[in-house]
>>> print(open('input.txt').read())   # compact mmCIF, N, CA and C atoms
# COMPACT_ATOMS: atom_id res chain seq x y z
N MET A 833 8.03 12.88 -12.16
CA MET A 833 8.36 11.64 -11.48
C MET A 833 8.06 11.79 -9.99
N LEU A 834 7.35 10.83 -9.44
CA LEU A 834 6.97 10.86 -8.04
C LEU A 834 8.17 10.48 -7.18
N GLU A 835 8.42 11.30 -6.15
CA GLU A 835 9.54 11.01 -5.25
C GLU A 835 9.18 9.85 -4.33
N ALA A 836 10.20 9.12 -3.91
CA ALA A 836 9.98 8.04 -2.94
C ALA A 836 9.42 8.64 -1.66
N GLY A 837 8.52 7.91 -1.02
CA GLY A 837 7.93 8.38 0.24
C GLY A 837 6.76 9.31 0.05
N HIS A 838 6.26 9.42 -1.19
CA HIS A 838 5.12 10.28 -1.48
C HIS A 838 3.98 9.46 -2.08
N VAL A 839 2.77 9.94 -1.93
CA VAL A 839 1.60 9.32 -2.55
C VAL A 839 0.88 10.36 -3.38
N SER A 840 0.21 9.86 -4.43
CA SER A 840 -0.53 10.78 -5.29
C SER A 840 -1.71 10.05 -5.90
N ILE A 841 -2.56 10.81 -6.58
CA ILE A 841 -3.72 10.26 -7.27
C ILE A 841 -3.30 9.98 -8.71
N VAL A 842 -3.60 8.79 -9.18
CA VAL A 842 -3.27 8.42 -10.55
C VAL A 842 -3.94 9.41 -11.51
N GLY A 843 -3.19 9.91 -12.46
CA GLY A 843 -3.74 10.82 -13.46
C GLY A 843 -3.73 12.28 -13.03
N VAL A 844 -3.20 12.58 -11.85
CA VAL A 844 -3.10 13.97 -11.39
C VAL A 844 -1.62 14.27 -11.18
N PRO A 845 -0.90 14.59 -12.24
CA PRO A 845 0.54 14.83 -12.10
C PRO A 845 0.83 16.11 -11.33
N GLY A 846 1.96 16.11 -10.64
CA GLY A 846 2.38 17.31 -9.94
C GLY A 846 1.73 17.51 -8.58
N ARG A 847 0.83 16.65 -8.18
CA ARG A 847 0.17 16.75 -6.86
C ARG A 847 0.53 15.53 -6.05
N ALA A 848 1.22 15.72 -4.95
CA ALA A 848 1.60 14.60 -4.10
C ALA A 848 1.77 15.10 -2.67
N VAL A 849 1.65 14.20 -1.73
CA VAL A 849 1.91 14.51 -0.32
C VAL A 849 2.85 13.46 0.23
N ARG A 850 3.56 13.84 1.29
CA ARG A 850 4.42 12.87 1.94
C ARG A 850 3.56 11.77 2.56
N LEU A 851 4.05 10.54 2.53
CA LEU A 851 3.32 9.41 3.08
C LEU A 851 2.98 9.65 4.55
N GLY A 852 3.89 10.24 5.30
CA GLY A 852 3.64 10.53 6.71
C GLY A 852 2.47 11.47 6.94
N GLU A 853 2.23 12.38 6.00
CA GLU A 853 1.10 13.30 6.13
C GLU A 853 -0.23 12.58 6.03
N THR A 854 -0.27 11.48 5.26
CA THR A 854 -1.53 10.74 5.15
C THR A 854 -1.90 10.13 6.49
N GLY A 855 -0.90 9.72 7.27
CA GLY A 855 -1.17 9.20 8.61
C GLY A 855 -1.71 10.28 9.52
N ASP A 856 -1.18 11.50 9.40
CA ASP A 856 -1.69 12.61 10.20
C ASP A 856 -3.16 12.88 9.89
N GLU A 857 -3.52 12.80 8.61
CA GLU A 857 -4.90 13.06 8.20
C GLU A 857 -5.87 12.01 8.74
N GLY A 858 -5.37 10.81 8.99
CA GLY A 858 -6.22 9.74 9.47
C GLY A 858 -6.50 9.78 10.96
N GLN A 859 -5.84 10.69 11.67
CA GLN A 859 -6.03 10.77 13.12
C GLN A 859 -7.32 11.53 13.45
N SER A 860 -7.87 11.21 14.59
CA SER A 860 -9.11 11.85 15.04
C SER A 860 -8.89 13.31 15.37
N ASP A 861 -9.82 14.14 15.00
CA ASP A 861 -9.81 15.56 15.35
C ASP A 861 -10.68 15.82 16.57
N ALA A 862 -11.18 14.75 17.22
CA ALA A 862 -12.10 14.93 18.33
C ALA A 862 -11.49 15.76 19.43
N GLY A 863 -10.20 15.64 19.68
CA GLY A 863 -9.54 16.41 20.72
C GLY A 863 -9.26 17.84 20.30
N ARG A 864 -9.53 18.18 19.06
CA ARG A 864 -9.26 19.54 18.56
C ARG A 864 -10.54 20.28 18.22
N GLY A 865 -11.65 19.82 18.80
CA GLY A 865 -12.90 20.54 18.62
C GLY A 865 -13.67 20.17 17.37
N GLN A 866 -13.31 19.11 16.68
CA GLN A 866 -14.01 18.70 15.47
C GLN A 866 -14.52 17.27 15.67
N ALA A 867 -15.45 17.10 16.58
CA ALA A 867 -15.92 15.77 16.95
C ALA A 867 -16.67 15.08 15.81
N TRP A 868 -17.10 15.81 14.80
CA TRP A 868 -17.86 15.22 13.69
C TRP A 868 -16.97 14.40 12.78
N HIS A 869 -15.68 14.62 12.85
CA HIS A 869 -14.73 13.97 11.93
C HIS A 869 -14.46 12.54 12.39
N GLU A 870 -14.71 11.56 11.51
CA GLU A 870 -14.38 10.18 11.82
C GLU A 870 -12.93 9.92 11.46
N PRO A 871 -12.17 9.28 12.35
CA PRO A 871 -10.76 9.02 12.06
C PRO A 871 -10.60 7.93 11.00
N GLY A 872 -9.49 7.97 10.32
CA GLY A 872 -9.16 6.90 9.37
C GLY A 872 -9.14 7.38 7.94
N LEU A 873 -8.45 6.62 7.13
CA LEU A 873 -8.40 6.85 5.69
C LEU A 873 -9.00 5.63 5.02
N GLU A 874 -9.67 5.84 3.91
CA GLU A 874 -10.32 4.72 3.25
C GLU A 874 -10.28 4.89 1.74
N SER A 875 -10.08 3.78 1.06
CA SER A 875 -10.11 3.78 -0.39
C SER A 875 -10.59 2.42 -0.85
N THR A 876 -11.47 2.38 -1.83
CA THR A 876 -11.96 1.13 -2.36
C THR A 876 -11.70 1.11 -3.86
N GLN A 877 -11.08 0.05 -4.31
CA GLN A 877 -10.77 -0.11 -5.73
C GLN A 877 -11.25 -1.49 -6.17
N TYR A 878 -11.72 -1.60 -7.38
CA TYR A 878 -12.15 -2.87 -7.93
C TYR A 878 -11.39 -3.13 -9.22
N PHE A 879 -11.08 -4.39 -9.45
CA PHE A 879 -10.37 -4.75 -10.67
C PHE A 879 -11.00 -6.02 -11.23
N GLY A 880 -11.32 -5.99 -12.49
CA GLY A 880 -11.81 -7.18 -13.18
C GLY A 880 -10.98 -7.38 -14.42
N PRO A 881 -10.15 -8.42 -14.44
CA PRO A 881 -9.31 -8.63 -15.62
C PRO A 881 -10.16 -8.88 -16.86
N PRO A 882 -9.78 -8.31 -18.00
CA PRO A 882 -10.60 -8.42 -19.20
C PRO A 882 -10.81 -9.85 -19.68
N GLY A 883 -9.85 -10.73 -19.45
CA GLY A 883 -9.99 -12.11 -19.91
C GLY A 883 -10.47 -13.07 -18.85
N GLY A 884 -10.80 -12.56 -17.66
CA GLY A 884 -11.20 -13.44 -16.57
C GLY A 884 -10.00 -14.13 -15.95
N THR A 885 -10.25 -14.96 -14.97
CA THR A 885 -9.18 -15.69 -14.32
C THR A 885 -9.60 -17.14 -14.10
N THR A 886 -8.64 -17.99 -13.96
CA THR A 886 -8.90 -19.39 -13.64
C THR A 886 -7.90 -19.83 -12.58
N ALA A 887 -8.31 -20.78 -11.78
CA ALA A 887 -7.42 -21.32 -10.76
C ALA A 887 -6.51 -22.38 -11.38
N SER A 888 -5.32 -22.49 -10.83
CA SER A 888 -4.38 -23.50 -11.30
C SER A 888 -4.02 -24.38 -10.11
N GLY A 889 -4.87 -25.33 -9.83
CA GLY A 889 -4.61 -26.19 -8.69
C GLY A 889 -5.42 -27.46 -8.78
N VAL A 890 -5.08 -28.39 -7.89
CA VAL A 890 -5.82 -29.65 -7.84
C VAL A 890 -5.82 -30.15 -6.40
N HIS A 891 -6.92 -30.76 -6.01
CA HIS A 891 -7.04 -31.42 -4.71
C HIS A 891 -7.29 -32.90 -4.99
N ALA A 892 -6.63 -33.77 -4.24
CA ALA A 892 -6.83 -35.21 -4.41
C ALA A 892 -6.81 -35.86 -3.03
N MET A 893 -7.60 -36.91 -2.90
CA MET A 893 -7.59 -37.61 -1.62
C MET A 893 -7.76 -39.10 -1.81
N ILE A 894 -7.26 -39.82 -0.84
CA ILE A 894 -7.47 -41.26 -0.76
C ILE A 894 -8.42 -41.46 0.41
N VAL A 895 -9.55 -42.13 0.15
CA VAL A 895 -10.54 -42.35 1.20
C VAL A 895 -10.78 -43.84 1.38
N GLU A 896 -11.24 -44.18 2.55
CA GLU A 896 -11.65 -45.55 2.84
C GLU A 896 -13.12 -45.50 3.21
N VAL A 897 -13.93 -46.34 2.56
CA VAL A 897 -15.36 -46.36 2.80
C VAL A 897 -15.74 -47.66 3.49
N ASP A 898 -16.43 -47.54 4.62
CA ASP A 898 -16.94 -48.72 5.31
C ASP A 898 -18.17 -49.20 4.55
N PRO A 899 -18.15 -50.41 4.01
CA PRO A 899 -19.27 -50.87 3.17
C PRO A 899 -20.57 -51.08 3.97
N ASP A 900 -20.49 -51.22 5.28
CA ASP A 900 -21.70 -51.42 6.08
C ASP A 900 -22.36 -50.10 6.46
N THR A 901 -21.54 -49.12 6.82
CA THR A 901 -22.10 -47.84 7.30
C THR A 901 -21.97 -46.72 6.28
N PHE A 902 -21.17 -46.93 5.26
CA PHE A 902 -20.85 -45.91 4.25
C PHE A 902 -20.14 -44.69 4.84
N MET A 903 -19.56 -44.86 6.01
CA MET A 903 -18.76 -43.78 6.61
C MET A 903 -17.44 -43.69 5.86
N LEU A 904 -17.00 -42.46 5.67
CA LEU A 904 -15.75 -42.20 4.95
C LEU A 904 -14.65 -41.84 5.93
N GLU A 905 -13.47 -42.31 5.64
CA GLU A 905 -12.29 -41.89 6.39
C GLU A 905 -11.27 -41.41 5.38
N ILE A 906 -10.83 -40.18 5.56
CA ILE A 906 -9.82 -39.62 4.65
C ILE A 906 -8.46 -40.13 5.10
N LYS A 907 -7.82 -40.89 4.25
CA LYS A 907 -6.50 -41.46 4.56
C LYS A 907 -5.38 -40.50 4.17
N LYS A 908 -5.56 -39.79 3.06
CA LYS A 908 -4.53 -38.86 2.61
C LYS A 908 -5.20 -37.77 1.79
N TYR A 909 -4.75 -36.55 1.97
CA TYR A 909 -5.28 -35.40 1.23
C TYR A 909 -4.10 -34.58 0.75
N VAL A 910 -4.07 -34.27 -0.53
CA VAL A 910 -2.96 -33.52 -1.12
C VAL A 910 -3.52 -32.33 -1.90
N VAL A 911 -2.87 -31.18 -1.73
CA VAL A 911 -3.24 -29.97 -2.46
C VAL A 911 -2.02 -29.49 -3.23
N VAL A 912 -2.20 -29.22 -4.51
CA VAL A 912 -1.16 -28.60 -5.32
C VAL A 912 -1.80 -27.37 -5.96
N HIS A 913 -1.14 -26.21 -5.79
CA HIS A 913 -1.72 -24.99 -6.32
C HIS A 913 -0.61 -24.04 -6.75
N ASP A 914 -0.75 -23.48 -7.93
CA ASP A 914 0.19 -22.48 -8.41
C ASP A 914 -0.47 -21.12 -8.22
N CYS A 915 -0.11 -20.45 -7.15
CA CYS A 915 -0.74 -19.17 -6.86
C CYS A 915 0.12 -17.99 -7.30
N GLY A 916 1.21 -18.24 -7.95
CA GLY A 916 2.07 -17.14 -8.38
C GLY A 916 3.04 -16.78 -7.27
N THR A 917 3.41 -15.50 -7.21
CA THR A 917 4.36 -15.03 -6.21
C THR A 917 3.69 -14.98 -4.84
N VAL A 918 4.25 -15.67 -3.88
CA VAL A 918 3.70 -15.69 -2.52
C VAL A 918 4.25 -14.50 -1.74
N ILE A 919 3.35 -13.66 -1.25
CA ILE A 919 3.76 -12.50 -0.47
C ILE A 919 3.86 -12.86 1.00
N ASN A 920 2.87 -13.59 1.51
CA ASN A 920 2.87 -13.98 2.92
C ASN A 920 2.54 -15.47 3.03
N PRO A 921 3.54 -16.32 3.25
CA PRO A 921 3.31 -17.77 3.29
C PRO A 921 2.31 -18.19 4.36
N LEU A 922 2.27 -17.46 5.48
CA LEU A 922 1.35 -17.82 6.56
C LEU A 922 -0.11 -17.62 6.13
N ILE A 923 -0.39 -16.52 5.46
CA ILE A 923 -1.75 -16.27 4.96
C ILE A 923 -2.11 -17.31 3.91
N LEU A 924 -1.17 -17.63 3.03
CA LEU A 924 -1.42 -18.63 2.00
C LEU A 924 -1.77 -19.98 2.63
N ALA A 925 -1.00 -20.40 3.63
CA ALA A 925 -1.28 -21.67 4.31
C ALA A 925 -2.67 -21.65 4.93
N GLY A 926 -3.04 -20.54 5.54
CA GLY A 926 -4.37 -20.42 6.14
C GLY A 926 -5.48 -20.51 5.11
N GLN A 927 -5.27 -19.89 3.94
CA GLN A 927 -6.28 -19.95 2.88
C GLN A 927 -6.42 -21.37 2.35
N ILE A 928 -5.32 -22.07 2.22
CA ILE A 928 -5.38 -23.46 1.75
C ILE A 928 -6.10 -24.33 2.77
N HIS A 929 -5.73 -24.19 4.05
CA HIS A 929 -6.40 -24.98 5.10
C HIS A 929 -7.90 -24.69 5.13
N GLY A 930 -8.26 -23.42 5.02
CA GLY A 930 -9.68 -23.06 5.02
C GLY A 930 -10.42 -23.63 3.81
N GLY A 931 -9.79 -23.59 2.65
CA GLY A 931 -10.40 -24.14 1.44
C GLY A 931 -10.60 -25.64 1.54
N VAL A 932 -9.61 -26.33 2.11
CA VAL A 932 -9.73 -27.78 2.30
C VAL A 932 -10.88 -28.09 3.26
N ALA A 933 -10.95 -27.37 4.38
CA ALA A 933 -12.01 -27.62 5.36
C ALA A 933 -13.38 -27.36 4.76
N GLN A 934 -13.53 -26.27 4.01
CA GLN A 934 -14.82 -25.98 3.39
C GLN A 934 -15.16 -27.01 2.32
N GLY A 935 -14.19 -27.42 1.54
CA GLY A 935 -14.43 -28.41 0.50
C GLY A 935 -14.87 -29.75 1.08
N ILE A 936 -14.18 -30.20 2.13
CA ILE A 936 -14.56 -31.46 2.77
C ILE A 936 -15.96 -31.33 3.37
N GLY A 937 -16.23 -30.21 4.00
CA GLY A 937 -17.56 -29.98 4.57
C GLY A 937 -18.64 -30.03 3.52
N ASN A 938 -18.41 -29.37 2.40
CA ASN A 938 -19.40 -29.37 1.31
C ASN A 938 -19.58 -30.76 0.73
N ALA A 939 -18.48 -31.47 0.53
CA ALA A 939 -18.55 -32.77 -0.14
C ALA A 939 -19.17 -33.85 0.73
N PHE A 940 -18.87 -33.86 2.02
CA PHE A 940 -19.26 -34.99 2.85
C PHE A 940 -20.36 -34.73 3.87
N PHE A 941 -20.43 -33.51 4.38
CA PHE A 941 -21.27 -33.32 5.56
C PHE A 941 -22.41 -32.34 5.38
N GLU A 942 -22.32 -31.42 4.46
CA GLU A 942 -23.36 -30.41 4.33
C GLU A 942 -24.38 -30.83 3.29
N LYS A 943 -25.62 -30.42 3.51
CA LYS A 943 -26.69 -30.84 2.62
C LYS A 943 -27.55 -29.62 2.28
N LEU A 944 -27.85 -29.45 1.02
CA LEU A 944 -28.76 -28.41 0.59
C LEU A 944 -30.14 -29.04 0.43
N ILE A 945 -31.10 -28.54 1.16
CA ILE A 945 -32.44 -29.13 1.14
C ILE A 945 -33.38 -28.19 0.40
N PHE A 946 -34.10 -28.73 -0.58
CA PHE A 946 -35.03 -27.97 -1.39
C PHE A 946 -36.45 -28.47 -1.11
N ASP A 947 -37.42 -27.55 -1.21
CA ASP A 947 -38.82 -27.98 -1.08
C ASP A 947 -39.36 -28.40 -2.45
N ASP A 948 -40.67 -28.69 -2.52
CA ASP A 948 -41.27 -29.15 -3.77
C ASP A 948 -41.24 -28.13 -4.89
N THR A 949 -41.03 -26.84 -4.53
CA THR A 949 -40.98 -25.80 -5.56
C THR A 949 -39.54 -25.40 -5.88
N ALA A 950 -38.59 -26.21 -5.47
CA ALA A 950 -37.17 -26.01 -5.74
C ALA A 950 -36.58 -24.81 -5.01
N ARG A 951 -37.16 -24.43 -3.90
CA ARG A 951 -36.60 -23.36 -3.06
C ARG A 951 -35.82 -23.99 -1.92
N PHE A 952 -34.78 -23.28 -1.47
CA PHE A 952 -34.04 -23.76 -0.30
C PHE A 952 -34.97 -23.92 0.86
>>> encode(input="input.txt", output="structure tokens")
Amino acid sequence: MLEAGHVSIVGVPGRAVRLGETGDEGQSDAGRGQAWHEPGLESTQYFGPPGGTTASGVHAMIVEVDPDTFMLEIKKYVVVHDCGTVINPLILAGQIHGGVAQGIGNAFFEKLIFDDTARF
């Protein structure tokens, strides 16, 4: 059983270090005569769920269209999304705002132009 405050590699039982030691390892050795050593710790992991994932949300808006100019005015925009357990509400709000801005940009203002051979 891994003690609290320790980190280990999955599948390697009996080998662990204190969490504080990992911070020591990430410090630069440049001042100790080892200038070749880059500071920092890094790990990359990828996960692909076997059944895939789907979003659980909806965006809806009420728009007003000027019949002469075809200009659109968004009167109301509503987002409902079930994202599961929220860890950081501020980050979630930022992601929603960014998604709304990109969606509106794609729907109303951005244009993909193709040539005669169907290339961008």
>>> select_by_dssp(input="input.txt", residues="chain A", states="helix (DSSP H, G or I)", output="ChimeraX atom specification")
/A:851-857,862-864,921-941
>>> axis_aligned_box(input="input.txt", around="segment 926-932 of chain A", padding_each_side="5 Å", output="AutoDock Vina command-line options")
--center_x -7.0 --center_y -24.0 --center_z 3.8 --size_x 17.8 --size_y 18.2 --size_z 14.7
>>> closest_residue(input="input.txt", among="A:Val911, A:Phe902, A:Thr876, A:Ile936", to="Ser888 of chain A", atoms="only C-alpha atoms")
A:Val911
>>> select_by_dssp(input="input.txt", residues="chain A", states="strand (DSSP E or B)", output="PyMOL selection string")
chain A and resi 838-839+849-850+889-897+904-913
>>> residues_around(input="input.txt", residues="Val839 of chain A", least_positions_apart="4", cutoff="5 Å", atoms="only N, CA and C atoms", output="list in words")
Ala848, Val849, Arg850 and Leu851 of chain A
>>> residues_around(input="input.txt", residues="Glu896 of chain A", least_positions_apart="3", cutoff="9 Å", atoms="only C-alpha atoms", output="compact mmCIF listing (two decimals) with N, CA and C atoms, in the frame of the given file")
# COMPACT_ATOMS: atom_id res chain seq x y z
N MET A 903 -19.56 -44.86 6.01
CA MET A 903 -18.76 -43.78 6.61
C MET A 903 -17.44 -43.69 5.86
N LEU A 904 -17.00 -42.46 5.67
CA LEU A 904 -15.75 -42.20 4.95
C LEU A 904 -14.65 -41.84 5.93
N GLU A 905 -13.47 -42.31 5.64
CA GLU A 905 -12.29 -41.89 6.39
C GLU A 905 -11.27 -41.41 5.38
N ILE A 906 -10.83 -40.18 5.56
CA ILE A 906 -9.82 -39.62 4.65
C ILE A 906 -8.46 -40.13 5.10
N LYS A 907 -7.82 -40.89 4.25
CA LYS A 907 -6.50 -41.46 4.56
C LYS A 907 -5.38 -40.50 4.17
>>> residues_around(input="input.txt", residues="Tyr909 of chain A", least_positions_apart="4", cutoff="7 Å", atoms="only C-alpha atoms", output="PyMOL selection string")
chain A and resi 892-894
>>> residues_around(input="input.txt", residues="segment 930-935 of chain A", least_positions_apart="6", cutoff="12 Å", atoms="only C-alpha atoms", output="ChimeraX atom specification")
/A:889-893,909-913,923-924,941-942
>>> closest_residue(input="input.txt", among="A:Thr901, A:Cys915, A:Arg951, A:Lys908", to="Thr885 of chain A", atoms="only C-alpha atoms")
A:Cys915
